[in-house]
>>> print(open('protein14.cif').read())   # mmCIF, C-alpha atoms
data_protein
#
loop_
_atom_site.group_PDB
_atom_site.id
_atom_site.type_symbol
_atom_site.label_atom_id
_atom_site.label_comp_id
_atom_site.auth_asym_id
_atom_site.auth_seq_id
_atom_site.Cartn_x
_atom_site.Cartn_y
_atom_site.Cartn_z
ATOM 1 C CA MET A 248 97.265 65.147 120.371
ATOM 2 C CA LYS A 249 98.836 62.399 122.503
ATOM 3 C CA ILE A 250 102.083 62.983 124.373
ATOM 4 C CA TRP A 251 103.880 60.085 126.021
ATOM 5 C CA VAL A 252 106.327 60.922 128.828
ATOM 6 C CA ASN A 253 108.293 57.800 129.726
ATOM 7 C CA ALA A 254 111.132 59.488 131.622
ATOM 8 C CA PRO A 255 111.016 59.263 135.458
ATOM 9 C CA PHE A 256 110.290 62.922 136.170
ATOM 10 C CA SER A 257 109.148 64.003 139.637
ATOM 11 C CA GLU A 258 105.480 64.942 139.999
ATOM 12 C CA GLU A 259 106.453 68.618 140.082
ATOM 13 C CA ASN A 260 108.263 68.356 136.754
ATOM 14 C CA ILE A 261 105.475 66.293 135.208
ATOM 15 C CA GLU A 262 103.163 69.187 136.026
ATOM 16 C CA LEU A 263 105.588 71.581 134.337
ATOM 17 C CA ILE A 264 105.443 69.483 131.175
ATOM 18 C CA LYS A 265 101.663 69.171 131.344
ATOM 19 C CA SER A 266 101.335 72.945 131.675
ATOM 20 C CA ALA A 267 103.108 73.265 128.328
ATOM 21 C CA ALA A 268 100.806 70.695 126.739
ATOM 22 C CA LYS A 269 97.421 72.287 127.314
ATOM 23 C CA GLY A 270 94.726 70.693 125.180
ATOM 24 C CA CYS A 271 96.787 67.516 124.763
ATOM 25 C CA LYS A 272 96.467 64.103 126.383
ATOM 26 C CA VAL A 273 99.609 63.438 128.407
ATOM 27 C CA PHE A 274 100.387 59.828 129.316
ATOM 28 C CA CYS A 275 103.101 59.072 131.870
ATOM 29 C CA GLY A 276 104.810 55.752 132.509
ATOM 30 C CA THR A 277 106.735 53.002 130.781
ATOM 31 C CA ASP A 278 103.769 51.382 129.015
ATOM 32 C CA SER A 279 103.875 52.190 125.296
ATOM 33 C CA VAL A 280 101.263 54.677 124.085
ATOM 34 C CA SER A 281 99.802 54.000 120.648
ATOM 35 C CA GLY A 282 99.401 57.027 118.404
ATOM 36 C CA ALA A 283 101.637 59.399 120.410
ATOM 37 C CA GLU A 284 102.668 62.422 118.364
ATOM 38 C CA ILE A 285 105.334 63.434 120.886
ATOM 39 C CA ILE A 286 107.497 61.149 122.998
ATOM 40 C CA VAL A 287 109.528 62.573 125.871
ATOM 41 C CA GLY A 288 112.249 60.105 126.864
ATOM 42 C CA GLN A 289 113.456 57.026 125.031
ATOM 43 C CA PRO A 290 111.336 54.864 122.712
ATOM 44 C CA GLY A 291 111.329 51.224 123.747
ATOM 45 C CA ASP A 292 110.970 48.004 121.782
ATOM 46 C CA GLY A 293 107.655 47.887 119.985
ATOM 47 C CA THR A 294 107.094 51.659 120.107
ATOM 48 C CA ASP A 295 104.411 52.800 117.686
ATOM 49 C CA PHE A 296 106.012 55.415 115.408
ATOM 50 C CA THR A 297 102.970 55.817 113.149
ATOM 51 C CA ALA A 298 101.868 59.209 114.474
ATOM 52 C CA LEU A 299 105.200 60.248 116.017
ATOM 53 C CA ARG A 300 106.552 63.600 114.845
ATOM 54 C CA LEU A 301 108.735 64.760 117.759
ATOM 55 C CA LEU A 302 111.056 62.601 119.829
ATOM 56 C CA GLN A 303 112.347 64.711 122.727
ATOM 57 C CA SER A 304 115.249 62.853 124.302
ATOM 58 C CA THR A 305 116.040 63.537 127.950
ATOM 59 C CA ASN A 306 119.731 62.870 127.271
ATOM 60 C CA ALA A 307 122.426 64.966 125.645
ATOM 61 C CA GLY A 308 124.023 62.043 123.798
ATOM 62 C CA VAL A 309 121.771 60.481 121.184
ATOM 63 C CA GLU A 310 123.989 57.846 119.551
ATOM 64 C CA LYS A 311 121.557 55.081 120.560
ATOM 65 C CA LEU A 312 118.727 56.942 118.822
ATOM 66 C CA MET A 313 120.903 57.361 115.728
ATOM 67 C CA ALA A 314 121.319 53.587 115.629
ATOM 68 C CA ALA A 315 117.585 52.953 116.090
ATOM 69 C CA GLU A 316 115.140 52.846 113.201
ATOM 70 C CA ILE A 317 113.451 56.179 113.871
ATOM 71 C CA PRO A 318 111.445 57.305 110.802
ATOM 72 C CA LYS A 319 113.018 60.169 108.851
ATOM 73 C CA ASN A 320 109.929 62.354 109.290
ATOM 74 C CA VAL A 321 110.442 62.378 113.067
ATOM 75 C CA THR A 322 112.331 65.355 114.482
ATOM 76 C CA ILE A 323 114.729 64.347 117.237
ATOM 77 C CA THR A 324 115.712 66.868 119.904
ATOM 78 C CA ASN A 325 117.880 66.528 122.994
ATOM 79 C CA VAL A 326 118.551 68.450 126.206
ATOM 80 C CA THR A 327 121.813 70.134 125.298
ATOM 81 C CA GLY A 328 122.318 72.894 127.833
ATOM 82 C CA ALA A 329 121.170 70.885 130.847
ATOM 83 C CA PHE A 330 124.501 69.401 131.888
ATOM 84 C CA GLY A 331 127.145 72.089 131.446
ATOM 85 C CA GLU A 332 127.250 73.257 135.044
ATOM 86 C CA VAL A 333 127.036 69.866 136.755
ATOM 87 C CA ILE A 334 129.605 68.170 134.495
ATOM 88 C CA SER A 335 132.029 71.096 134.618
ATOM 89 C CA GLU A 336 131.965 70.910 138.430
ATOM 90 C CA TYR A 337 132.867 67.197 138.175
ATOM 91 C CA ILE A 338 135.715 68.021 135.783
ATOM 92 C CA VAL A 339 137.225 70.643 138.065
ATOM 93 C CA ALA A 340 136.830 68.371 141.107
ATOM 94 C CA GLY A 341 138.641 65.514 139.368
ATOM 95 C CA ILE A 342 141.461 67.727 138.097
ATOM 96 C CA LEU A 343 142.044 69.234 141.543
ATOM 97 C CA ALA A 344 141.916 65.855 143.296
ATOM 98 C CA LEU A 345 144.588 64.324 141.060
ATOM 99 C CA SER A 346 146.696 67.488 140.778
ATOM 100 C CA ARG A 347 146.967 67.794 144.556
ATOM 101 C CA GLY A 348 147.295 64.057 145.203
ATOM 102 C CA LEU A 349 144.199 63.996 147.399
ATOM 103 C CA PHE A 350 143.409 60.330 146.782
ATOM 104 C CA ARG A 351 146.902 59.276 147.834
ATOM 105 C CA TYR A 352 146.620 61.414 150.946
ATOM 106 C CA ARG A 353 143.223 59.852 151.637
ATOM 107 C CA GLU A 354 144.846 56.422 151.459
ATOM 108 C CA GLY A 355 147.530 57.641 153.870
ATOM 109 C CA GLN A 356 144.786 58.821 156.208
ATOM 110 C CA ARG A 357 143.103 55.410 156.043
ATOM 111 C CA ARG A 358 146.403 53.744 156.987
ATOM 112 C CA HIS A 359 147.306 56.423 159.604
ATOM 113 C CA ILE A 360 150.429 57.457 157.650
ATOM 114 C CA TRP A 361 151.698 61.040 157.997
ATOM 115 C CA GLN A 362 153.758 61.613 154.840
ATOM 116 C CA ASP A 363 154.468 64.496 152.478
ATOM 117 C CA LEU A 364 154.210 62.948 149.005
ATOM 118 C CA ARG A 365 155.797 65.951 147.233
ATOM 119 C CA GLN A 366 154.084 65.116 143.948
ATOM 120 C CA GLU A 367 151.507 67.874 143.724
ATOM 121 C CA ARG A 368 150.996 70.138 140.707
ATOM 122 C CA LEU A 369 149.646 73.658 140.408
ATOM 123 C CA LEU A 370 146.998 74.564 137.846
ATOM 124 C CA CYS A 371 147.774 78.284 137.931
ATOM 125 C CA GLY A 372 149.316 79.456 134.674
ATOM 126 C CA LYS A 373 148.984 76.089 132.954
ATOM 127 C CA ASN A 374 147.439 75.310 129.540
ATOM 128 C CA ALA A 375 144.100 73.537 129.197
ATOM 129 C CA LEU A 376 142.963 72.021 125.890
ATOM 130 C CA ILE A 377 139.226 71.361 125.709
ATOM 131 C CA LEU A 378 137.948 69.101 122.926
ATOM 132 C CA GLY A 379 134.424 70.341 122.354
ATOM 133 C CA CYS A 380 133.298 73.940 122.829
ATOM 134 C CA GLY A 381 129.623 73.283 123.478
ATOM 135 C CA ASP A 382 127.769 73.835 126.738
ATOM 136 C CA ILE A 383 130.035 71.554 128.794
ATOM 137 C CA GLY A 384 133.223 72.905 127.250
ATOM 138 C CA ARG A 385 132.194 76.526 127.756
ATOM 139 C CA CYS A 386 131.157 76.012 131.391
ATOM 140 C CA THR A 387 134.450 74.226 132.055
ATOM 141 C CA ALA A 388 136.440 77.012 130.402
ATOM 142 C CA HIS A 389 134.784 79.625 132.624
ATOM 143 C CA LYS A 390 135.578 77.649 135.773
ATOM 144 C CA LEU A 391 139.204 77.015 134.831
ATOM 145 C CA ARG A 392 139.727 80.728 134.271
ATOM 146 C CA ALA A 393 139.591 81.074 138.058
ATOM 147 C CA PHE A 394 142.989 79.308 138.058
ATOM 148 C CA ASP A 395 144.464 81.766 135.549
ATOM 149 C CA MET A 396 144.838 79.003 132.979
ATOM 150 C CA THR A 397 145.149 79.552 129.234
ATOM 151 C CA ILE A 398 142.139 77.874 127.609
ATOM 152 C CA THR A 399 142.301 76.490 124.079
ATOM 153 C CA GLY A 400 139.348 74.848 122.371
ATOM 154 C CA ILE A 401 138.845 72.381 119.525
ATOM 155 C CA ARG A 402 135.552 72.470 117.654
ATOM 156 C CA ARG A 403 134.184 71.322 114.307
ATOM 157 C CA CYS A 404 133.858 74.848 112.929
ATOM 158 C CA PRO A 405 136.519 77.061 114.582
ATOM 159 C CA ALA A 406 135.246 80.464 115.651
ATOM 160 C CA PRO A 407 135.736 82.793 118.637
ATOM 161 C CA THR A 408 133.917 81.197 121.576
ATOM 162 C CA GLU A 409 133.087 82.735 124.930
ATOM 163 C CA GLY A 410 135.451 81.594 127.677
ATOM 164 C CA PHE A 411 138.247 80.462 125.351
ATOM 165 C CA ASP A 412 141.484 82.294 124.610
ATOM 166 C CA ARG A 413 141.640 80.639 121.198
ATOM 167 C CA VAL A 414 139.709 78.053 119.224
ATOM 168 C CA PHE A 415 140.878 75.791 116.398
ATOM 169 C CA GLY A 416 139.546 73.019 114.200
ATOM 170 C CA ALA A 417 140.378 69.345 114.719
ATOM 171 C CA ASP A 418 143.083 69.613 112.054
ATOM 172 C CA MET A 419 145.222 71.453 114.641
ATOM 173 C CA LEU A 420 144.921 68.774 117.331
ATOM 174 C CA GLU A 421 148.360 67.240 116.820
ATOM 175 C CA GLU A 422 150.019 70.646 117.003
ATOM 176 C CA LEU A 423 148.154 71.588 120.199
ATOM 177 C CA LEU A 424 148.539 68.336 122.179
ATOM 178 C CA PRO A 425 152.243 68.886 123.049
ATOM 179 C CA GLN A 426 151.349 72.272 124.587
ATOM 180 C CA ALA A 427 148.554 71.073 126.889
ATOM 181 C CA ASP A 428 148.985 70.404 130.608
ATOM 182 C CA VAL A 429 145.345 69.318 130.928
ATOM 183 C CA ILE A 430 143.306 67.725 128.113
ATOM 184 C CA ILE A 431 139.542 67.627 128.592
ATOM 185 C CA CYS A 432 137.304 65.599 126.272
ATOM 186 C CA CYS A 433 133.692 66.774 125.963
ATOM 187 C CA LEU A 434 132.886 65.475 122.482
ATOM 188 C CA PRO A 435 129.912 63.310 121.451
ATOM 189 C CA HIS A 436 130.247 59.991 119.669
ATOM 190 C CA THR A 437 130.409 60.461 115.904
ATOM 191 C CA SER A 438 132.300 58.818 113.059
ATOM 192 C CA GLU A 439 134.740 61.752 113.202
ATOM 193 C CA THR A 440 135.486 61.445 116.935
ATOM 194 C CA GLN A 441 135.929 57.655 116.961
ATOM 195 C CA LYS A 442 139.411 56.911 118.416
ATOM 196 C CA MET A 443 140.391 60.574 118.036
ATOM 197 C CA LEU A 444 142.946 60.048 120.805
ATOM 198 C CA SER A 445 144.989 57.256 119.272
ATOM 199 C CA GLU A 446 148.340 55.685 120.128
ATOM 200 C CA SER A 447 150.226 58.209 117.981
ATOM 201 C CA ARG A 448 148.398 61.162 119.522
ATOM 202 C CA PHE A 449 149.028 59.982 123.065
ATOM 203 C CA ARG A 450 152.728 60.015 122.230
ATOM 204 C CA LEU A 451 152.419 63.666 121.194
ATOM 205 C CA MET A 452 151.073 64.725 124.586
ATOM 206 C CA LYS A 453 153.266 66.681 126.985
ATOM 207 C CA LYS A 454 154.907 64.366 129.509
ATOM 208 C CA GLY A 455 152.959 64.585 132.752
ATOM 209 C CA ALA A 456 149.752 65.896 131.188
ATOM 210 C CA LEU A 457 146.415 65.094 132.828
ATOM 211 C CA LEU A 458 143.517 63.674 130.801
ATOM 212 C CA VAL A 459 139.782 63.988 131.505
ATOM 213 C CA ASN A 460 137.034 62.261 129.517
ATOM 214 C CA VAL A 461 133.368 63.060 130.105
ATOM 215 C CA GLY A 462 132.283 62.859 126.454
ATOM 216 C CA ARG A 463 132.122 59.322 125.120
ATOM 217 C CA GLY A 464 134.455 56.380 125.639
ATOM 218 C CA SER A 465 134.739 55.820 121.894
ATOM 219 C CA LEU A 466 136.871 58.963 121.677
ATOM 220 C CA ILE A 467 139.844 57.196 123.275
ATOM 221 C CA ASP A 468 141.866 54.157 122.288
ATOM 222 C CA GLU A 469 141.783 52.559 125.742
ATOM 223 C CA THR A 470 144.762 50.276 125.145
ATOM 224 C CA ALA A 471 146.839 53.270 124.104
ATOM 225 C CA LEU A 472 145.622 55.172 127.177
ATOM 226 C CA VAL A 473 146.799 52.398 129.505
ATOM 227 C CA LYS A 474 150.225 52.417 127.850
ATOM 228 C CA ALA A 475 150.486 56.206 128.143
ATOM 229 C CA LEU A 476 149.727 55.988 131.865
ATOM 230 C CA GLU A 477 152.133 53.104 132.424
ATOM 231 C CA ARG A 478 155.072 54.876 130.780
ATOM 232 C CA GLY A 479 154.374 58.156 132.575
ATOM 233 C CA GLN A 480 153.363 60.057 129.456
ATOM 234 C CA LEU A 481 150.254 61.042 131.407
ATOM 235 C CA SER A 482 150.391 61.917 135.101
ATOM 236 C CA GLY A 483 146.797 60.765 135.549
ATOM 237 C CA ALA A 484 143.317 60.467 134.109
ATOM 238 C CA VAL A 485 139.777 61.280 135.212
ATOM 239 C CA LEU A 486 137.464 58.862 133.393
ATOM 240 C CA ASP A 487 133.678 58.846 133.541
ATOM 241 C CA VAL A 488 133.026 57.109 130.195
ATOM 242 C CA PHE A 489 134.497 54.039 128.541
ATOM 243 C CA GLU A 490 134.475 52.097 125.271
ATOM 244 C CA LYS A 491 132.327 49.415 126.892
ATOM 245 C CA GLU A 492 130.271 50.065 129.998
ATOM 246 C CA PRO A 493 130.489 48.883 132.658
ATOM 247 C CA LEU A 494 134.269 48.816 132.501
ATOM 248 C CA SER A 495 135.586 45.258 132.349
ATOM 249 C CA ASP A 496 136.698 43.778 135.682
ATOM 250 C CA ASN A 497 140.108 42.954 134.212
ATOM 251 C CA SER A 498 140.880 46.440 132.884
ATOM 252 C CA PRO A 499 144.280 47.665 134.165
ATOM 253 C CA LEU A 500 142.686 51.075 134.726
ATOM 254 C CA TRP A 501 140.976 49.860 137.911
ATOM 255 C CA ASP A 502 144.255 49.381 139.758
ATOM 256 C CA MET A 503 146.066 52.561 138.723
ATOM 257 C CA GLU A 504 146.357 54.935 141.674
ATOM 258 C CA ASN A 505 146.622 57.952 139.340
ATOM 259 C CA VAL A 506 143.278 57.174 137.660
ATOM 260 C CA LEU A 507 139.849 58.241 138.912
ATOM 261 C CA ILE A 508 137.076 55.986 137.600
ATOM 262 C CA THR A 509 133.397 56.855 137.948
ATOM 263 C CA PRO A 510 130.416 54.949 136.453
ATOM 264 C CA HIS A 511 129.170 57.499 133.891
ATOM 265 C CA ILE A 512 127.771 59.829 136.562
ATOM 266 C CA SER A 513 129.411 63.183 135.750
ATOM 267 C CA GLY A 514 126.094 64.426 134.352
ATOM 268 C CA PRO A 515 123.453 62.794 136.569
ATOM 269 C CA SER A 516 119.825 63.850 136.362
ATOM 270 C CA PHE A 517 116.970 61.611 137.465
ATOM 271 C CA GLY A 518 117.382 60.539 141.068
ATOM 272 C CA HIS A 519 120.439 62.737 141.601
ATOM 273 C CA PHE A 520 120.352 66.526 141.332
ATOM 274 C CA PRO A 521 116.829 67.982 141.306
ATOM 275 C CA GLU A 522 118.246 71.187 139.808
ATOM 276 C CA VAL A 523 119.406 69.297 136.718
ATOM 277 C CA GLU A 524 116.119 67.427 136.353
ATOM 278 C CA ARG A 525 114.304 70.765 136.501
ATOM 279 C CA ILE A 526 116.412 72.134 133.648
ATOM 280 C CA ILE A 527 115.713 68.995 131.598
ATOM 281 C CA ALA A 528 111.975 69.338 132.248
ATOM 282 C CA GLY A 529 112.135 72.994 131.254
ATOM 283 C CA ILE A 530 113.795 72.189 127.929
ATOM 284 C CA CYS A 531 111.238 69.448 127.233
ATOM 285 C CA ALA A 532 108.320 71.728 128.172
ATOM 286 C CA GLY A 533 109.753 74.498 126.014
ATOM 287 C CA ASN A 534 109.947 72.283 122.957
ATOM 288 C CA ILE A 535 106.431 70.953 123.495
ATOM 289 C CA SER A 536 105.147 74.530 123.609
ATOM 290 C CA ARG A 537 107.091 75.405 120.480
ATOM 291 C CA TYR A 538 105.853 72.330 118.647
ATOM 292 C CA ILE A 539 102.215 73.028 119.475
ATOM 293 C CA ALA A 540 102.620 76.659 118.414
ATOM 294 C CA GLY A 541 104.422 75.731 115.199
ATOM 295 C CA LYS A 542 107.608 77.548 116.256
ATOM 296 C CA PRO A 543 111.219 76.410 115.619
ATOM 297 C CA LEU A 544 112.397 73.780 118.082
ATOM 298 C CA MET A 545 115.470 73.905 120.308
ATOM 299 C CA ASN A 546 118.322 71.386 120.114
ATOM 300 C CA VAL A 547 117.287 69.717 116.865
ATOM 301 C CA ILE A 548 119.607 66.807 116.078
ATOM 302 C CA ASP A 549 121.363 66.873 112.728
ATOM 303 C CA ARG A 550 121.191 63.187 111.828
ATOM 304 C CA ASN A 551 124.244 63.475 109.578
ATOM 305 C CA LYS A 552 126.378 64.870 112.409
ATOM 306 C CA GLY A 553 124.737 63.087 115.339
ATOM 307 C CA TYR A 554 124.331 66.101 117.580
ATOM 308 C CA ALA A 555 122.547 69.455 117.919
ATOM 309 C CA GLU A 556 124.344 72.603 116.843
ATOM 310 C CA ARG A 557 122.511 74.815 119.380
ATOM 311 C CA GLY A 558 123.400 77.989 117.590
ATOM 312 C CA GLU A 559 127.168 77.457 117.722
#
>>> encode(input="protein14.cif", output="structure tokens")
Amino acid sequence: MKIWVNAPFSEENIELIKSAAKGCKVFCGTDSVSGAEIIVGQPGDGTDFTALRLLQSTNAGVEKLMAAEIPKNVTITNVTGAFGEVISEYIVAGILALSRGLFRYREGQRRHIWQDLRQERLLCGKNALILGCGDIGRCTAHKLRAFDMTITGIRRCPAPTEGFDRVFGADMLEELLPQADVIICCLPHTSETQKMLSESRFRLMKKGALLVNVGRGSLIDETALVKALERGQLSGAVLDVFEKEPLSDNSPLWDMENVLITPHISGPSFGHFPEVERIIAGICAGNISRYIAGKPLMNVIDRNKGYAERGE
């Protein structure tokens, strides 16, 4: 059996993957491998799908794979579970920075201005609404509990979920938005999540609420978001993902002092945090072992939904 690993794993993590693929020929690099039964990473143009049976993505989001012409007999898996901790830390950092006005104080420091801005907000006792109760949502809920916040979740199939005080389906979104002090978006891109936060829903949000998006930019109507920020409906936004990336130079979001913009780095892996890359390698190695042994795979993508259920 041929296995093609085209993701930029460290040598240590390549060895971890190879140890799970005993008896197989493992090829590493960007050059396409003809007749590979397993691909770890992303297939490129001209990839030979003839023998392919397992495509193990090293990402959590797989919308690009859904748009590609991957044969129906190929099982697609992702690395759901690798990014919960690192992205939830980013979320909490962004919320705290904007809530306490740290960026404005940093600007005052740069200009040598000693000034009490008197525009800080406490998180303690506030309400957080998390759209998406998967790995990222659950890790975020656990961290926000340290601030004695009430945590409400939105998920496709509502059910009690660890870390959340209550969980509802998307049909309750409009009723819950006016109650939320912090709204955190952790949802993947699907036909159901497209423009979920629309102009009308922004108007339902509590005045002064804070918005975070680490899911996909398609979730938010960006024009409506700008308007909500301009009229003070939202006190600020932490944005790591956008409708089109990179964000256009002429987007008004760049110049808003109450907006934190980062270039899709809330869940970095290769070349960033070795701990995250190790988790990704472990998931990939685990699925290779399972495939070889004929056991059920982890994180299998439901092509109709566009994401992996992961036992939720």
>>> closest_residue(input="protein14.cif", among="A:Ile431, A:Ala329, A:Ala471, A:Gly348", to="Phe449 in chain A", atoms="all atoms listed in the file")
A:Ala471
>>> atom_distance(input="protein14.cif", atom1="CA of Thr294 in chain A", atom2="CA of Glu490 in chain A")
27.9 Å
>>> resolve_selection(input="protein14.cif", expression="the PyMOL selection byres ((chain A and resi 413-418) around 12)", output="PDB file with C-alpha atoms, keeping the file's coordinate frame")
ATOM      1  CA  ASN A 374     147.439  75.310 129.540  1.00  0.00           C
ATOM      2  CA  ALA A 375     144.100  73.537 129.197  1.00  0.00           C
ATOM      3  CA  LEU A 376     142.963  72.021 125.890  1.00  0.00           C
ATOM      4  CA  ILE A 377     139.226  71.361 125.709  1.00  0.00           C
ATOM      5  CA  LEU A 378     137.948  69.101 122.926  1.00  0.00           C
ATOM      6  CA  GLY A 379     134.424  70.341 122.354  1.00  0.00           C
ATOM      7  CA  CYS A 380     133.298  73.940 122.829  1.00  0.00           C
ATOM      8  CA  GLY A 381     129.623  73.283 123.478  1.00  0.00           C
ATOM      9  CA  GLY A 384     133.223  72.905 127.250  1.00  0.00           C
ATOM     10  CA  ARG A 385     132.194  76.526 127.756  1.00  0.00           C
ATOM     11  CA  ALA A 388     136.440  77.012 130.402  1.00  0.00           C
ATOM     12  CA  THR A 397     145.149  79.552 129.234  1.00  0.00           C
ATOM     13  CA  ILE A 398     142.139  77.874 127.609  1.00  0.00           C
ATOM     14  CA  THR A 399     142.301  76.490 124.079  1.00  0.00           C
ATOM     15  CA  GLY A 400     139.348  74.848 122.371  1.00  0.00           C
ATOM     16  CA  ILE A 401     138.845  72.381 119.525  1.00  0.00           C
ATOM     17  CA  ARG A 402     135.552  72.470 117.654  1.00  0.00           C
ATOM     18  CA  ARG A 403     134.184  71.322 114.307  1.00  0.00           C
ATOM     19  CA  CYS A 404     133.858  74.848 112.929  1.00  0.00           C
ATOM     20  CA  PRO A 405     136.519  77.061 114.582  1.00  0.00           C
ATOM     21  CA  ALA A 406     135.246  80.464 115.651  1.00  0.00           C
ATOM     22  CA  PRO A 407     135.736  82.793 118.637  1.00  0.00           C
ATOM     23  CA  THR A 408     133.917  81.197 121.576  1.00  0.00           C
ATOM     24  CA  GLU A 409     133.087  82.735 124.930  1.00  0.00           C
ATOM     25  CA  GLY A 410     135.451  81.594 127.677  1.00  0.00           C
ATOM     26  CA  PHE A 411     138.247  80.462 125.351  1.00  0.00           C
ATOM     27  CA  ASP A 412     141.484  82.294 124.610  1.00  0.00           C
ATOM     28  CA  MET A 419     145.222  71.453 114.641  1.00  0.00           C
ATOM     29  CA  LEU A 420     144.921  68.774 117.331  1.00  0.00           C
ATOM     30  CA  GLU A 421     148.360  67.240 116.820  1.00  0.00           C
ATOM     31  CA  GLU A 422     150.019  70.646 117.003  1.00  0.00           C
ATOM     32  CA  LEU A 423     148.154  71.588 120.199  1.00  0.00           C
ATOM     33  CA  LEU A 424     148.539  68.336 122.179  1.00  0.00           C
ATOM     34  CA  LEU A 434     132.886  65.475 122.482  1.00  0.00           C
ATOM     35  CA  GLU A 439     134.740  61.752 113.202  1.00  0.00           C
ATOM     36  CA  THR A 440     135.486  61.445 116.935  1.00  0.00           C
ATOM     37  CA  MET A 443     140.391  60.574 118.036  1.00  0.00           C
ATOM     38  CA  LEU A 444     142.946  60.048 120.805  1.00  0.00           C
TER      39      LEU A 444
END
>>> resolve_selection(input="protein14.cif", expression="the PyMOL selection byres ((chain A and resi 504) around 12)", output="list in words")
Ala344, Leu345, Gly348, Leu349, Phe350, Arg351, Tyr352, Arg353, Glu354, Leu476, Glu477, Ser482, Gly483, Ala484, Val485, Pro499, Leu500, Trp501, Asp502, Met503, Asn505, Val506, Leu507 and Ile508 of chain A
>>> resolve_selection(input="protein14.cif", expression="the PyMOL selection byres ((chain A and resi 544) around 12)", output="list in words")
Leu301, Leu302, Gln303, Thr322, Ile323, Thr324, Asn325, Val326, Ile530, Cys531, Ala532, Gly533, Asn534, Ile535, Ser536, Arg537, Tyr538, Ile539, Ala540, Gly541, Lys542, Pro543, Met545, Asn546, Val547, Ile548, Ala555, Arg557 and Gly558 of chain A
>>> atom_distance(input="protein14.cif", atom1="CA of Glu316 in chain A", atom2="CA of Val252 in chain A")
19.7 Å
>>> decode(input="protein14.cif", residues="range 258-272 of chain A", atoms="N, CA and C atoms", output="compact mmCIF listing (two decimals), in the first residue's frame")
# COMPACT_ATOMS: atom_id res chain seq x y z
N GLU A 258 10.19 16.14 11.05
CA GLU A 258 10.72 14.78 10.93
C GLU A 258 10.20 13.88 12.04
N GLU A 259 10.08 14.43 13.25
CA GLU A 259 9.58 13.65 14.38
C GLU A 259 8.16 13.17 14.13
N ASN A 260 7.32 14.05 13.57
CA ASN A 260 5.93 13.66 13.33
C ASN A 260 5.79 12.77 12.11
N ILE A 261 6.68 12.92 11.15
CA ILE A 261 6.70 11.98 10.01
C ILE A 261 6.98 10.58 10.52
N GLU A 262 7.89 10.47 11.47
CA GLU A 262 8.21 9.15 12.04
C GLU A 262 7.02 8.58 12.79
N LEU A 263 6.25 9.44 13.44
CA LEU A 263 5.04 8.98 14.13
C LEU A 263 4.06 8.38 13.13
N ILE A 264 3.90 9.05 12.00
CA ILE A 264 2.99 8.56 10.96
C ILE A 264 3.51 7.27 10.36
N LYS A 265 4.81 7.21 10.10
CA LYS A 265 5.40 6.00 9.53
C LYS A 265 5.26 4.80 10.47
N SER A 266 5.33 5.07 11.77
CA SER A 266 5.20 3.97 12.74
C SER A 266 3.81 3.37 12.72
N ALA A 267 2.83 4.15 12.26
CA ALA A 267 1.46 3.65 12.16
C ALA A 267 1.22 2.96 10.82
N ALA A 268 2.18 3.08 9.92
CA ALA A 268 2.00 2.57 8.56
C ALA A 268 2.99 1.45 8.25
N LYS A 269 3.22 0.60 9.22
CA LYS A 269 4.17 -0.49 9.03
C LYS A 269 3.71 -1.41 7.89
N GLY A 270 4.66 -1.76 7.03
CA GLY A 270 4.34 -2.61 5.89
C GLY A 270 3.90 -1.82 4.67
N CYS A 271 3.77 -0.49 4.83
CA CYS A 271 3.35 0.36 3.72
C CYS A 271 4.52 1.21 3.22
N LYS A 272 4.41 1.67 1.99
CA LYS A 272 5.40 2.58 1.43
C LYS A 272 4.91 4.00 1.65
